[in-house]
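Colleague: Enclosed is the structure file query-v1.pdb (PDB, C-alpha atoms).
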ATOM      1  CA  MET A   1       0.000   0.000   0.000
ATOM      2  CA  ASN A   2       1.132   3.517  -0.749
ATOM      3  CA  ILE A   3       2.765   5.026   2.349
ATOM      4  CA  LEU A   4       0.504   8.106   2.238
ATOM      5  CA  TRP A   5      -2.621   5.933   2.386
ATOM      6  CA  GLU A   6      -1.054   3.878   5.128
ATOM      7  CA  ILE A   7      -0.494   7.038   7.202
ATOM      8  CA  PHE A   8      -4.040   8.195   6.485
ATOM      9  CA  PHE A   9      -5.707   4.909   7.442
ATOM     10  CA  SER A  10      -3.545   4.377  10.526
ATOM     11  CA  PHE A  11      -4.567   7.754  11.914
ATOM     12  CA  LEU A  12      -8.159   7.306  10.770
ATOM     13  CA  LYS A  13      -8.345   4.202  12.966
ATOM     14  CA  ILE A  14      -6.623   5.922  15.886
ATOM     15  CA  GLY A  15      -8.921   8.947  15.595
ATOM     16  CA  ALA A  16     -12.069   6.850  15.428
ATOM     17  CA  PHE A  17     -11.375   5.307  18.840
ATOM     18  CA  SER A  18      -9.682   8.249  20.544
ATOM     19  CA  PHE A  19     -12.138   8.463  23.431
ATOM     20  CA  GLY A  20     -11.044  10.491  26.433
ATOM     21  CA  GLY A  21      -8.812  12.966  24.665
ATOM     22  CA  GLY A  22      -5.086  13.177  24.266
ATOM     23  CA  TYR A  23      -3.512  10.728  26.630
ATOM     24  CA  ALA A  24      -5.599   7.775  25.460
ATOM     25  CA  VAL A  25      -4.196   8.327  21.966
ATOM     26  CA  ILE A  26      -0.724   7.557  23.322
ATOM     27  CA  SER A  27      -1.566   3.884  23.830
ATOM     28  CA  MET A  28      -3.058   3.589  20.353
ATOM     29  CA  ILE A  29      -0.008   5.142  18.713
ATOM     30  CA  GLN A  30       2.253   2.982  20.848
ATOM     31  CA  LYS A  31       0.509  -0.138  19.592
ATOM     32  CA  ASP A  32      -0.084   0.684  15.912
ATOM     33  CA  ILE A  33       2.660   3.109  14.955
ATOM     34  CA  ILE A  34       5.579   2.154  17.200
ATOM     35  CA  LEU A  35       5.171  -1.612  17.684
ATOM     36  CA  ASP A  36       3.385  -2.722  14.509
ATOM     37  CA  LYS A  37       4.678  -0.283  11.883
ATOM     38  CA  GLY A  38       7.974   0.753  13.462
ATOM     39  CA  TRP A  39       7.701   4.234  11.952
ATOM     40  CA  ILE A  40       9.188   5.878  14.999
ATOM     41  CA  ASN A  41      10.903   4.690  18.171
ATOM     42  CA  ALA A  42       9.385   5.020  21.624
ATOM     43  CA  GLU A  43      11.820   7.701  22.806
ATOM     44  CA  GLU A  44      11.106   9.989  19.885
ATOM     45  CA  PHE A  45       7.383   9.548  20.396
ATOM     46  CA  ILE A  46       7.624  10.590  24.059
ATOM     47  CA  ASP A  47       9.527  13.661  22.875
ATOM     48  CA  ILE A  48       6.559  14.491  20.623
ATOM     49  CA  VAL A  49       4.188  14.090  23.576
ATOM     50  CA  ALA A  50       6.375  16.519  25.526
ATOM     51  CA  ILE A  51       6.313  19.002  22.640
ATOM     52  CA  ALA A  52       2.537  18.557  22.412
ATOM     53  CA  GLU A  53       2.271  19.390  26.130
ATOM     54  CA  MET A  54       4.064  22.670  25.578
ATOM     55  CA  THR A  55       2.195  23.807  22.494
ATOM     56  CA  PRO A  56      -1.485  24.552  22.199
ATOM     57  CA  GLY A  57      -3.566  21.973  20.428
ATOM     58  CA  PRO A  58      -4.598  18.375  20.878
ATOM     59  CA  ILE A  59      -2.016  15.575  21.226
ATOM     60  CA  ALA A  60      -3.795  13.615  18.482
ATOM     61  CA  VAL A  61      -3.354  16.451  15.990
ATOM     62  CA  ASN A  62       0.192  17.196  17.095
ATOM     63  CA  SER A  63       1.413  13.622  16.809
ATOM     64  CA  SER A  64      -0.289  12.935  13.481
ATOM     65  CA  THR A  65       1.160  16.141  12.030
ATOM     66  CA  TYR A  66       4.650  15.362  13.325
ATOM     67  CA  LEU A  67       4.653  11.722  12.291
ATOM     68  CA  GLY A  68       3.169  12.425   8.895
ATOM     69  CA  TYR A  69       5.853  15.010   8.278
ATOM     70  CA  LYS A  70       8.599  12.703   9.449
ATOM     71  CA  MET A  71       7.440   9.914   7.156
ATOM     72  CA  THR A  72       6.761  11.755   3.914
ATOM     73  CA  GLY A  73       6.877  15.508   4.421
ATOM     74  CA  ILE A  74       4.047  18.037   4.286
ATOM     75  CA  LEU A  75       1.625  15.866   2.321
ATOM     76  CA  GLY A  76       1.941  13.098   4.920
ATOM     77  CA  SER A  77       1.374  15.520   7.787
ATOM     78  CA  LEU A  78      -1.740  16.838   6.061
ATOM     79  CA  LEU A  79      -3.170  13.353   5.433
ATOM     80  CA  GLY A  80      -2.328  12.174   8.968
ATOM     81  CA  THR A  81      -4.052  15.177  10.511
ATOM     82  CA  ILE A  82      -7.149  14.916   8.314
ATOM     83  CA  GLY A  83      -7.263  11.180   9.035
ATOM     84  CA  VAL A  84      -7.169  11.579  12.801
ATOM     85  CA  LEU A  85      -9.926  14.219  12.768
ATOM     86  CA  LEU A  86     -12.271  12.770  10.130
ATOM     87  CA  VAL A  87     -14.310  10.242  12.121
ATOM     88  CA  PRO A  88     -14.558  12.361  15.299
ATOM     89  CA  THR A  89     -15.731  15.350  13.242
ATOM     90  CA  LEU A  90     -18.358  13.298  11.401
ATOM     91  CA  LEU A  91     -19.610  11.870  14.698
ATOM     92  CA  ALA A  92     -19.676  15.315  16.316
ATOM     93  CA  LEU A  93     -21.586  16.620  13.305
ATOM     94  CA  ILE A  94     -24.184  13.838  13.538
ATOM     95  CA  VAL A  95     -24.557  14.493  17.248
ATOM     96  CA  SER A  96     -24.903  18.237  16.582
ATOM     97  CA  ILE A  97     -27.609  17.683  13.972
ATOM     98  CA  TYR A  98     -29.592  15.319  16.205
ATOM     99  CA  PHE A  99     -28.529  17.007  19.442
ATOM    100  CA  ASN A 100     -31.904  16.901  21.173
ATOM    101  CA  LYS A 101     -32.442  13.253  20.335
ATOM    102  CA  PHE A 102     -28.996  12.208  21.510
ATOM    103  CA  LYS A 103     -29.424  13.944  24.827
ATOM    104  CA  HIS A 104     -32.117  11.418  25.706
ATOM    105  CA  LEU A 105     -30.750   8.183  24.255
ATOM    106  CA  ASP A 106     -30.221   5.902  27.236
ATOM    107  CA  TRP A 107     -28.237   3.189  25.522
ATOM    108  CA  VAL A 108     -25.669   5.718  24.286
ATOM    109  CA  LYS A 109     -25.258   6.923  27.865
ATOM    110  CA  TRP A 110     -24.735   3.372  29.142
ATOM    111  CA  VAL A 111     -22.149   2.519  26.497
ATOM    112  CA  LEU A 112     -20.254   5.772  27.103
ATOM    113  CA  LYS A 113     -20.362   5.188  30.859
ATOM    114  CA  GLY A 114     -18.642   1.861  30.262
ATOM    115  CA  ILE A 115     -15.977   3.401  28.037
ATOM    116  CA  ARG A 116     -14.955   6.105  30.534
ATOM    117  CA  PRO A 117     -13.275   3.791  33.069
ATOM    118  CA  ALA A 118     -11.665   1.885  30.174
ATOM    119  CA  VAL A 119     -10.084   5.147  29.036
ATOM    120  CA  LEU A 120      -8.619   5.447  32.527
ATOM    121  CA  GLY A 121      -7.108   1.974  32.169
ATOM    122  CA  ILE A 122      -5.766   2.808  28.700
ATOM    123  CA  ILE A 123      -4.048   5.948  29.976
ATOM    124  CA  ALA A 124      -2.653   4.072  32.984
ATOM    125  CA  ALA A 125      -1.252   1.475  30.562
ATOM    126  CA  ALA A 126       0.426   4.317  28.652
ATOM    127  CA  CYS A 127       2.203   5.226  31.912
ATOM    128  CA  PHE A 128       3.696   1.742  32.058
ATOM    129  CA  THR A 129       4.878   1.592  28.466
ATOM    130  CA  ILE A 130       6.264   5.133  28.522
ATOM    131  CA  GLY A 131       7.766   4.542  31.966
ATOM    132  CA  LYS A 132       9.720   1.561  30.688
ATOM    133  CA  VAL A 133      11.653   3.653  28.168
ATOM    134  CA  SER A 134      11.817   6.824  30.288
ATOM    135  CA  PHE A 135      13.152   5.467  33.571
ATOM    136  CA  VAL A 136      16.528   4.302  32.359
ATOM    137  CA  ASP A 137      18.649   5.019  35.436
ATOM    138  CA  ILE A 138      18.528   6.501  38.937
ATOM    139  CA  LYS A 139      18.790  10.076  37.600
ATOM    140  CA  SER A 140      15.645   9.708  35.516
ATOM    141  CA  VAL A 141      13.775   8.244  38.493
ATOM    142  CA  ILE A 142      14.824  11.252  40.580
ATOM    143  CA  ILE A 143      13.638  13.676  37.885
ATOM    144  CA  GLY A 144      10.327  11.830  37.555
ATOM    145  CA  ALA A 145       9.777  11.898  41.331
ATOM    146  CA  LEU A 146      10.632  15.601  41.633
ATOM    147  CA  ILE A 147       8.301  16.532  38.788
ATOM    148  CA  PHE A 148       5.517  14.406  40.230
ATOM    149  CA  ILE A 149       5.804  16.269  43.543
ATOM    150  CA  GLY A 150       5.827  19.495  41.538
ATOM    151  CA  VAL A 151       2.599  18.845  39.667
ATOM    152  CA  TYR A 152       0.786  16.962  42.441
ATOM    153  CA  LYS A 153       1.712  18.992  45.529
ATOM    154  CA  LEU A 154       2.872  22.344  44.184
ATOM    155  CA  LYS A 155       0.426  22.473  41.260
ATOM    156  CA  ILE A 156       2.992  23.676  38.746
ATOM    157  CA  SER A 157       1.795  23.811  35.142
ATOM    158  CA  PRO A 158       2.733  21.089  32.631
ATOM    159  CA  ILE A 159       4.740  23.610  30.626
ATOM    160  CA  LEU A 160       6.794  24.640  33.658
ATOM    161  CA  ALA A 161       7.236  20.961  34.586
ATOM    162  CA  ILE A 162       8.709  20.207  31.182
ATOM    163  CA  VAL A 163      10.989  23.263  31.203
ATOM    164  CA  ILE A 164      12.305  22.310  34.671
ATOM    165  CA  SER A 165      12.815  18.660  33.718
ATOM    166  CA  GLY A 166      14.681  19.661  30.556
ATOM    167  CA  GLY A 167      16.963  21.833  32.685
ATOM    168  CA  LEU A 168      17.472  18.967  35.136
ATOM    169  CA  GLY A 169      18.309  16.687  32.216
ATOM    170  CA  LEU A 170      20.968  19.100  31.042
ATOM    171  CA  ILE A 171      22.419  19.419  34.562
ATOM    172  CA  LEU A 172      22.337  15.711  35.498
ATOM    173  CA  TYR A 173      23.364  14.234  32.156
ATOM    174  CA  GLY A 174      25.921  16.879  31.429
ATOM    175  CA  MET A 175      26.192  19.886  29.181
ATOM    176  CA  PRO A 176      28.148  18.673  26.165
ATOM    177  CA  VAL A 177      30.788  21.064  24.934
TER
ATOM    178  CA  MET B   1      -8.729  25.144  25.672
ATOM    179  CA  VAL B   2     -12.387  24.911  26.723
ATOM    180  CA  PRO B   3     -12.377  28.143  28.795
ATOM    181  CA  VAL B   4     -10.905  29.987  25.792
ATOM    182  CA  ILE B   5     -13.623  28.662  23.483
ATOM    183  CA  GLN B   6     -16.265  29.457  26.064
ATOM    184  CA  ARG B   7     -15.141  33.078  26.444
ATOM    185  CA  GLU B   8     -15.067  33.592  22.686
ATOM    186  CA  VAL B   9     -18.278  31.788  21.752
ATOM    187  CA  VAL B  10     -20.531  32.507  24.726
ATOM    188  CA  GLU B  11     -19.276  35.839  26.098
ATOM    189  CA  ASN B  12     -17.663  37.715  23.209
ATOM    190  CA  LYS B  13     -19.669  36.566  20.196
ATOM    191  CA  LYS B  14     -22.825  35.506  22.066
ATOM    192  CA  TRP B  15     -23.398  32.759  19.499
ATOM    193  CA  ILE B  16     -24.868  30.255  21.961
ATOM    194  CA  SER B  17     -25.983  30.415  25.585
ATOM    195  CA  GLN B  18     -23.924  29.235  28.539
ATOM    196  CA  ASP B  19     -26.343  26.355  29.208
ATOM    197  CA  GLU B  20     -26.286  25.148  25.648
ATOM    198  CA  PHE B  21     -22.504  25.380  25.620
ATOM    199  CA  LEU B  22     -22.233  23.180  28.721
ATOM    200  CA  ASP B  23     -24.683  20.638  27.272
ATOM    201  CA  ALA B  24     -22.725  20.549  24.038
ATOM    202  CA  ILE B  25     -19.428  20.075  25.897
ATOM    203  CA  ALA B  26     -20.861  17.224  27.946
ATOM    204  CA  LEU B  27     -22.036  15.431  24.833
ATOM    205  CA  THR B  28     -19.119  16.078  22.472
ATOM    206  CA  ASN B  29     -16.654  15.304  25.274
ATOM    207  CA  SER B  30     -17.896  11.729  25.367
ATOM    208  CA  LEU B  31     -17.190  11.251  21.648
ATOM    209  CA  PRO B  32     -13.784  10.237  20.297
ATOM    210  CA  GLY B  33     -11.538  13.021  19.099
ATOM    211  CA  PRO B  34     -10.121  16.217  20.555
ATOM    212  CA  LEU B  35     -12.547  18.227  22.669
ATOM    213  CA  ALA B  36     -11.548  21.466  20.937
ATOM    214  CA  THR B  37     -12.381  20.304  17.402
ATOM    215  CA  ASN B  38     -15.543  18.511  18.557
ATOM    216  CA  THR B  39     -16.782  21.689  20.222
ATOM    217  CA  ALA B  40     -15.892  23.687  17.107
ATOM    218  CA  THR B  41     -17.940  21.228  15.047
ATOM    219  CA  TYR B  42     -20.979  21.772  17.265
ATOM    220  CA  VAL B  43     -20.737  25.551  17.425
ATOM    221  CA  GLY B  44     -19.946  25.817  13.700
ATOM    222  CA  TYR B  45     -22.926  23.651  12.823
ATOM    223  CA  ARG B  46     -25.295  25.651  15.036
ATOM    224  CA  MET B  47     -24.163  28.906  13.456
ATOM    225  CA  ALA B  48     -23.886  28.006   9.778
ATOM    226  CA  GLY B  49     -24.776  24.369   9.156
ATOM    227  CA  ILE B  50     -22.342  21.847   7.703
ATOM    228  CA  PRO B  51     -20.062  24.471   6.064
ATOM    229  CA  GLY B  52     -19.853  26.161   9.457
ATOM    230  CA  ALA B  53     -18.866  22.899  11.127
ATOM    231  CA  VAL B  54     -16.159  22.194   8.557
ATOM    232  CA  THR B  55     -14.826  25.750   8.853
ATOM    233  CA  GLY B  56     -14.806  25.493  12.653
ATOM    234  CA  VAL B  57     -12.799  22.255  12.670
ATOM    235  CA  LEU B  58     -10.285  23.411  10.083
ATOM    236  CA  ALA B  59      -9.743  26.742  11.816
ATOM    237  CA  THR B  60      -9.265  25.036  15.196
ATOM    238  CA  ALA B  61      -6.762  22.509  13.868
ATOM    239  CA  LEU B  62      -4.816  24.935  11.669
ATOM    240  CA  PRO B  63      -2.690  26.733  14.321
ATOM    241  CA  SER B  64      -1.603  23.425  15.948
ATOM    242  CA  PHE B  65      -0.895  21.969  12.530
ATOM    243  CA  LEU B  66       1.320  24.900  11.495
ATOM    244  CA  ILE B  67       3.130  25.111  14.840
ATOM    245  CA  ILE B  68       3.925  21.392  14.895
ATOM    246  CA  LEU B  69       4.934  21.448  11.249
ATOM    247  CA  ALA B  70       7.432  24.212  12.014
ATOM    248  CA  ILE B  71       8.696  22.303  15.064
ATOM    249  CA  ALA B  72       8.920  19.053  13.079
ATOM    250  CA  VAL B  73      11.062  20.716  10.420
ATOM    251  CA  PHE B  74      13.303  22.222  13.086
ATOM    252  CA  PHE B  75      13.350  19.345  15.583
ATOM    253  CA  THR B  76      14.280  16.640  13.090
ATOM    254  CA  THR B  77      17.450  18.621  12.310
ATOM    255  CA  ILE B  78      18.552  19.167  15.954
ATOM    256  CA  LYS B  79      17.248  16.100  17.783
ATOM    257  CA  ASP B  80      20.447  14.087  17.445
ATOM    258  CA  SER B  81      22.658  16.712  19.040
ATOM    259  CA  ALA B  82      24.021  15.663  22.445
ATOM    260  CA  ALA B  83      22.564  18.652  24.302
ATOM    261  CA  VAL B  84      19.051  18.082  22.950
ATOM    262  CA  GLN B  85      19.306  14.361  23.767
ATOM    263  CA  ASN B  86      20.233  15.151  27.374
ATOM    264  CA  ILE B  87      17.404  17.665  27.710
ATOM    265  CA  PHE B  88      14.920  15.069  26.511
ATOM    266  CA  LYS B  89      16.394  12.402  28.799
ATOM    267  CA  GLY B  90      15.233  14.701  31.575
ATOM    268  CA  ILE B  91      11.881  15.478  29.984
ATOM    269  CA  ARG B  92      10.807  11.866  29.335
ATOM    270  CA  PRO B  93      10.397  10.894  33.016
ATOM    271  CA  ALA B  94       8.538  14.185  33.531
ATOM    272  CA  VAL B  95       6.041  13.149  30.852
ATOM    273  CA  VAL B  96       5.388   9.942  32.814
ATOM    274  CA  SER B  97       4.739  12.039  35.929
ATOM    275  CA  LEU B  98       2.339  14.313  34.047
ATOM    276  CA  ILE B  99       0.375  11.351  32.728
ATOM    277  CA  THR B 100       0.349   9.673  36.153
ATOM    278  CA  PHE B 101      -1.086  12.896  37.567
ATOM    279  CA  ALA B 102      -3.750  12.907  34.841
ATOM    280  CA  VAL B 103      -4.645   9.298  35.735
ATOM    281  CA  ILE B 104      -5.104  10.256  39.392
ATOM    282  CA  LYS B 105      -7.306  13.236  38.499
ATOM    283  CA  LEU B 106      -9.397  11.166  36.100
ATOM    284  CA  ALA B 107      -9.748   8.350  38.649
ATOM    285  CA  LYS B 108     -11.065  10.850  41.194
ATOM    286  CA  SER B 109     -13.562  12.354  38.755
ATOM    287  CA  ILE B 110     -14.894   8.994  37.525
ATOM    288  CA  GLY B 111     -14.993   7.410  40.967
ATOM    289  CA  LEU B 112     -13.329   4.013  41.190
ATOM    290  CA  LYS B 113     -15.979   1.868  42.754
ATOM    291  CA  SER B 114     -17.306  -1.594  41.820
ATOM    292  CA  LYS B 115     -18.005  -1.650  38.059
ATOM    293  CA  ASN B 116     -15.768   1.279  37.165
ATOM    294  CA  LEU B 117     -12.873  -0.284  39.059
ATOM    295  CA  LEU B 118     -13.481  -3.610  37.349
ATOM    296  CA  ILE B 119     -13.393  -2.061  33.851
ATOM    297  CA  SER B 120     -10.392   0.193  34.593
ATOM    298  CA  LEU B 121      -8.328  -2.531  36.185
ATOM    299  CA  GLY B 122      -9.343  -5.093  33.581
ATOM    300  CA  THR B 123      -8.271  -2.735  30.794
ATOM    301  CA  LEU B 124      -4.968  -1.879  32.469
ATOM    302  CA  LEU B 125      -4.005  -5.474  33.253
ATOM    303  CA  GLY B 126      -5.227  -6.728  29.879
ATOM    304  CA  MET B 127      -3.134  -4.178  28.051
ATOM    305  CA  VAL B 128       0.018  -4.504  30.133
ATOM    306  CA  PHE B 129       0.096  -8.297  30.561
ATOM    307  CA  LEU B 130      -2.002  -9.737  27.721
ATOM    308  CA  ASN B 131      -1.099  -7.153  25.105
ATOM    309  CA  ILE B 132      -4.752  -6.374  24.401
ATOM    310  CA  HIS B 133      -5.312  -3.654  21.803
ATOM    311  CA  PRO B 134      -6.775  -0.410  23.240
ATOM    312  CA  ILE B 135      -9.502  -0.433  20.569
ATOM    313  CA  ALA B 136     -10.580  -3.900  21.733
ATOM    314  CA  ALA B 137     -10.705  -2.536  25.282
ATOM    315  CA  VAL B 138     -12.936   0.358  24.160
ATOM    316  CA  ILE B 139     -15.345  -1.975  22.341
ATOM    317  CA  VAL B 140     -15.568  -4.562  25.132
ATOM    318  CA  SER B 141     -16.050  -1.905  27.820
ATOM    319  CA  GLY B 142     -18.760  -0.214  25.748
ATOM    320  CA  ILE B 143     -20.655  -3.514  25.567
ATOM    321  CA  LEU B 144     -20.081  -4.143  29.286
ATOM    322  CA  GLY B 145     -21.264  -0.604  30.018
ATOM    323  CA  PHE B 146     -24.464  -1.222  28.095
ATOM    324  CA  PHE B 147     -25.358  -4.266  30.194
ATOM    325  CA  PHE B 148     -24.007  -2.982  33.534
ATOM    326  CA  PHE B 149     -25.690   0.391  33.456
ATOM    327  CA  ARG B 150     -28.909  -0.787  31.815
ATOM    328  CA  GLU B 151     -29.311  -3.136  34.714
ATOM    329  CA  GLU B 152     -28.528  -0.307  37.128
ATOM    330  CA  ALA B 153     -31.082   1.956  35.424
ATOM    331  CA  ALA B 154     -33.734  -0.755  35.618
ATOM    332  CA  LYS B 155     -33.488  -0.922  39.407
TER
END
Starting from the file, give its structure as structure tokens.

Modeller:
Amino acid sequence: MNILWEIFFSFLKIGAFSFGGGYAVISMIQKDIILDKGWINAEEFIDIVAIAEMTPGPIAVNSSTYLGYKMTGILGSLLGTIGVLLVPTLLALIVSIYFNKFKHLDWVKWVLKGIRPAVLGIIAAACFTIGKVSFVDIKSVIIGALIFIGVYKLKISPILAIVISGGLGLILYGMPV
Amino acid sequence: MVPVIQREVVENKKWISQDEFLDAIALTNSLPGPLATNTATYVGYRMAGIPGAVTGVLATALPSFLIILAIAVFFTTIKDSAAVQNIFKGIRPAVVSLITFAVIKLAKSIGLKSKNLLISLGTLLGMVFLNIHPIAAVIVSGILGFFFFREEAAK
């Protein structure tokens, strides 16, 4: 299959099931793009997630744009981004058109209520897979612990957390000359 | 992103009311896809039909698309330098902490009792130990949700 179509369909599939926003997408990309296709390695993908945290815009859009570009340039980034947004937009449009009917559909509510805790599990699983490649030594564990205290106890923003951790990385792993 | 949309759409432009906005958020939030583009689809449709929805989505995605494109062009040329590698060695564990924090917040908002705990834990263990695909987890939990919560509603 042409690589452009492959990018499009991969992100179409990811977009169609991207319940629960950004972080749930991580697990899908991990499975389809990193493990099955091998288009990108896990470390580089986490770097994209970090960049996505610091820039406005959804993780799904950011990673499809980045990956599409990396694979085939601008055309790939365009197809990846359209792919990831197509199904959600169509669904949102259908819901908008039949808004008053959807508000009262019980079975939709039940199904969605079941999916919510699954999204929690999917995001927690992303922690494990990302943790495996991120915690490589004692220094990285220290950085992770410090940042966790920062966001959990001191309520620092994600952007600040990433800036601080980047600085810590430079200090602990050395400033190459 | 939602507060920004809310200020623009409800307060500045007065396109839809606060109540309608909250209803729309609640509904579009439970769909797949980014909340920002889903909300733009709803508001765009309400204002100008299908062309409005398409315009809303494209306009919402465009800034992120351009910013990431610029970063992608730049980052792919510098990412192999030793300094950038060391910076990202520090950032990667921070990303894990940010996601862990998000998991805790989400767990609190969903409430991890009985059926919710069962689905969450089942998904987590299934994915980590049995290599279950996240899409399979979404489908199975949707079916479980249908039966679990229908039964609950019938009581």

Colleague: To one decimal place in Å, what is the distance between atom CA of Ala82 of chain B and atom CA of Gly76 of chain A?

Modeller: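 Between atom CA of Ala82 of chain B and atom CA of Gly76 of chain A the gap is 28.3 Å.
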
Colleague: Using the chain letters and residue numbers of this document, give as an MDAnalysis selection string the residues selected by the ChimeraX specification (/A :<7) & /B.

Modeller: chainID B and resid 28 30:35 38 41:42 45 64:65 68:69 72 82:83 86:101 103 106:107 116 119:121 123:124 127:128 134:135 137:138 141:146 149:150

Colleague: To one decimal in Å, tell me the separation between atom CA of Ala59 of chain B and atom CA of Thr72 of chain A.

Modeller: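 Between these atoms lies a distance of 23.7 Å.
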
Colleague: State, in Å with one decimal place, the distance from atom CA of Asn12 of chain B to atom CA of Tyr98 of chain A.

Modeller: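 Taking atom CA of Asn12 of chain B as the start and atom CA of Tyr98 of chain A as the end point, the length is 26.3 Å.
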
Colleague: Evaluating the PyMOL selection byres ((chain B and resi 1-10) around 9) on the displayed file yields which residues, as a PyMOL selection string?

Modeller: (chain A and resi 56-57) or (chain B and resi 11-18+21+25+35-36+39-40+43)

Colleague: Have segment 13-31 of chain A completed to N, CA and C atoms, please, and pass it along as a JSON list (two decimals), in the coordinates of the input.

Modeller:
[["chain", "number", "residue", "atom", "x", "y", "z"],
["A", 13, "LYS", "N", -7.99, 5.22, 11.96],
["A", 13, "LYS", "CA", -8.35, 4.20, 12.97],
["A", 13, "LYS", "C", -8.10, 4.73, 14.38],
["A", 14, "ILE", "N", -6.94, 5.37, 14.57],
["A", 14, "ILE", "CA", -6.62, 5.92, 15.89],
["A", 14, "ILE", "C", -7.64, 6.99, 16.27],
["A", 15, "GLY", "N", -7.97, 7.87, 15.32],
["A", 15, "GLY", "CA", -8.92, 8.95, 15.60],
["A", 15, "GLY", "C", -10.30, 8.42, 15.94],
["A", 16, "ALA", "N", -10.72, 7.38, 15.24],
["A", 16, "ALA", "CA", -12.07, 6.85, 15.43],
["A", 16, "ALA", "C", -12.29, 6.31, 16.84],
["A", 17, "PHE", "N", -11.22, 5.88, 17.50],
["A", 17, "PHE", "CA", -11.38, 5.31, 18.84],
["A", 17, "PHE", "C", -10.73, 6.16, 19.92],
["A", 18, "SER", "N", -10.41, 7.41, 19.59],
["A", 18, "SER", "CA", -9.68, 8.25, 20.54],
["A", 18, "SER", "C", -10.62, 8.86, 21.58],
["A", 19, "PHE", "N", -11.29, 7.99, 22.34],
["A", 19, "PHE", "CA", -12.14, 8.46, 23.43],
["A", 19, "PHE", "C", -11.24, 9.02, 24.53],
["A", 20, "GLY", "N", -11.76, 10.02, 25.24],
["A", 20, "GLY", "CA", -11.04, 10.49, 26.43],
["A", 20, "GLY", "C", -9.86, 11.39, 26.14],
["A", 21, "GLY", "N", -9.81, 11.94, 24.95],
["A", 21, "GLY", "CA", -8.81, 12.97, 24.66],
["A", 21, "GLY", "C", -7.40, 12.45, 24.53],
["A", 22, "GLY", "N", -6.47, 13.37, 24.66],
["A", 22, "GLY", "CA", -5.09, 13.18, 24.27],
["A", 22, "GLY", "C", -4.37, 11.95, 24.77],
["A", 23, "TYR", "N", -4.39, 11.75, 26.09],
["A", 23, "TYR", "CA", -3.51, 10.73, 26.63],
["A", 23, "TYR", "C", -3.89, 9.32, 26.18],
["A", 24, "ALA", "N", -5.19, 9.11, 25.91],
["A", 24, "ALA", "CA", -5.60, 7.78, 25.46],
["A", 24, "ALA", "C", -5.01, 7.46, 24.08],
["A", 25, "VAL", "N", -4.78, 8.50, 23.30],
["A", 25, "VAL", "CA", -4.20, 8.33, 21.97],
["A", 25, "VAL", "C", -2.79, 7.72, 22.05],
["A", 26, "ILE", "N", -2.10, 8.04, 23.16],
["A", 26, "ILE", "CA", -0.72, 7.56, 23.32],
["A", 26, "ILE", "C", -0.65, 6.04, 23.20],
["A", 27, "SER", "N", -1.57, 5.35, 23.87],
["A", 27, "SER", "CA", -1.57, 3.88, 23.83],
["A", 27, "SER", "C", -1.83, 3.35, 22.43],
["A", 28, "MET", "N", -2.73, 4.03, 21.72],
["A", 28, "MET", "CA", -3.06, 3.59, 20.35],
["A", 28, "MET", "C", -1.84, 3.75, 19.44],
["A", 29, "ILE", "N", -1.18, 4.89, 19.56],
["A", 29, "ILE", "CA", -0.01, 5.14, 18.71],
["A", 29, "ILE", "C", 1.10, 4.17, 19.07],
["A", 30, "GLN", "N", 1.26, 3.94, 20.37],
["A", 30, "GLN", "CA", 2.25, 2.98, 20.85],
["A", 30, "GLN", "C", 2.07, 1.63, 20.16],
["A", 31, "LYS", "N", 0.82, 1.19, 20.12],
["A", 31, "LYS", "CA", 0.51, -0.14, 19.59],
["A", 31, "LYS", "C", 0.65, -0.18, 18.05]]
